[in-house]
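Just below is one structure, and these are the notes that go with it.
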Amino acid sequence: MTQTISRTTSRADIRPVWRWAAAVILPIGPAAVALLRYFLPYNTTDDVPTITNRIVDDLDRSSFVLWLAYIAFLTLVPGVYFVGRLALRGAPWLTAIALFLVVPGYLSLPWTASSDVFTWSAGTAGLDPVSIAKAADVTHGSMDLAGFTFVIGHVLGTLLLGVAMWRAQVGPRWAAVAVAVSQPIHFVAAVIVSSHTLDLVGWGLQAAGFAAVGWAILRMPNDEWQPLR
């Protein structure tokens, strides 16, 4: 018994660091995408030649957008993991379905953005926009599948994750509502009305909801966050 207690007390308790890491990471991904969508030099509904011209015409802005995309790639999946980790306790099936949709959606995002990286690189190299657009318009079938997976996964998955947050009482109620409505708003802004400002609001709501969950995690006792075994 004495040896067991000694091993338990001597082992470093990293749960506070883990909680702080979760709280910091949670809003970064959605906030990065919110800014990305606001500063995006083109509309999602534009054709390839228009997208190419708008990227090439403002390479500095396009480079800033690509940096935001990279930040989002690194943090979106960890963010939903931390939310799902808590929501699973009160809504296991709904949370599992939400994560089954949203995680592949987020993992597909870099593949869908690869054409913008190509266009920026070709434009920076001084290639002709017409030739760039011709090459960018030839896409591999996996990119089409990635685009479909991303759209369905992050819109429907985030909606279900918000509902799971409500049922599991993860964070304040308003945070669950903000997360649930964030991606339907994004879909309207990106596909129907082409409003970068509205897109900023949509993704910003998800960032605010995740930040509220992060604040709740910071106030959470260590044993509630992760009981010692």
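The chains in the structure tokens are called A, B, ... from first to last as shown; in each chain the residues are counted from 1, and the ligands are counted from 1 in the order shown.
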Which residues come within 10 Å of Asp60 in chain A, counting only C-alpha atoms, excluding same-chain residues fewer than 6 positions away, as a ChimeraX atom specification?
-> /A:66,120,124
Grab the residues selected above and save them as a JSON list (two decimals), in the first residue's frame with C-alpha atoms.
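Result saved to again-v4.json:
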```
[["chain", "number", "residue", "atom", "x", "y", "z"],
["A", 66, "LEU", "CA", -2.60, 30.32, -46.75],
["A", 120, "TRP", "CA", -0.12, 31.15, -55.40],
["A", 124, "THR", "CA", 4.64, 34.08, -57.53]]
```
Which residues come within 8 Å of range 109-111 of chain A, counting only C-alpha atoms, excluding same-chain residues fewer than 3 positions away, as a PyMOL selection string?
-> chain A and resi 73+105-106+114+143+146-147+150
Nearest to Ala96 in chain A: which of A:Phe210, A:Leu68, A:Val80, A:Ala135 is it, counting only C-alpha atoms?
-> A:Val80
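For Ala136 in chain A, the set of protein, DNA and RNA residues having any atom at most 8 Å away, when counting only C-alpha atoms and skipping those fewer than 2 positions along the same chain, is Val48, Ser115, Phe118, Thr119, Ile132, Ala133, Lys134, Val138 and Thr139 of chain A.
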Could you please take those selected residues and save C-alpha atoms as a JSON list (two decimals), in the first residue's frame?
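again29.json, freshly written:
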```json
[["chain", "number", "residue", "atom", "x", "y", "z"],
["A", 48, "VAL", "CA", -11.50, 28.95, -61.85],
["A", 115, "SER", "CA", -5.19, 24.23, -55.59],
["A", 118, "PHE", "CA", -0.51, 25.76, -56.47],
["A", 119, "THR", "CA", -2.06, 28.96, -57.85],
["A", 132, "ILE", "CA", -2.34, 28.66, -64.29],
["A", 133, "ALA", "CA", -6.12, 28.56, -64.52],
["A", 134, "LYS", "CA", -5.97, 25.85, -67.19],
["A", 138, "VAL", "CA", -7.71, 19.90, -63.99],
["A", 139, "THR", "CA", -8.36, 18.22, -60.66]]
```
Determine the nearest neighbour of Leu205 in chain A from the options A:Leu99, A:Ala34, A:Val56, A:Ala189, counting only C-alpha atoms.
-> A:Ala34
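Of the listed residues (A:Ala113, A:Ile51, A:Val102, A:Ala31), A:Val102 comes nearest to Gly162 in chain A; the distances count only C-alpha atoms.
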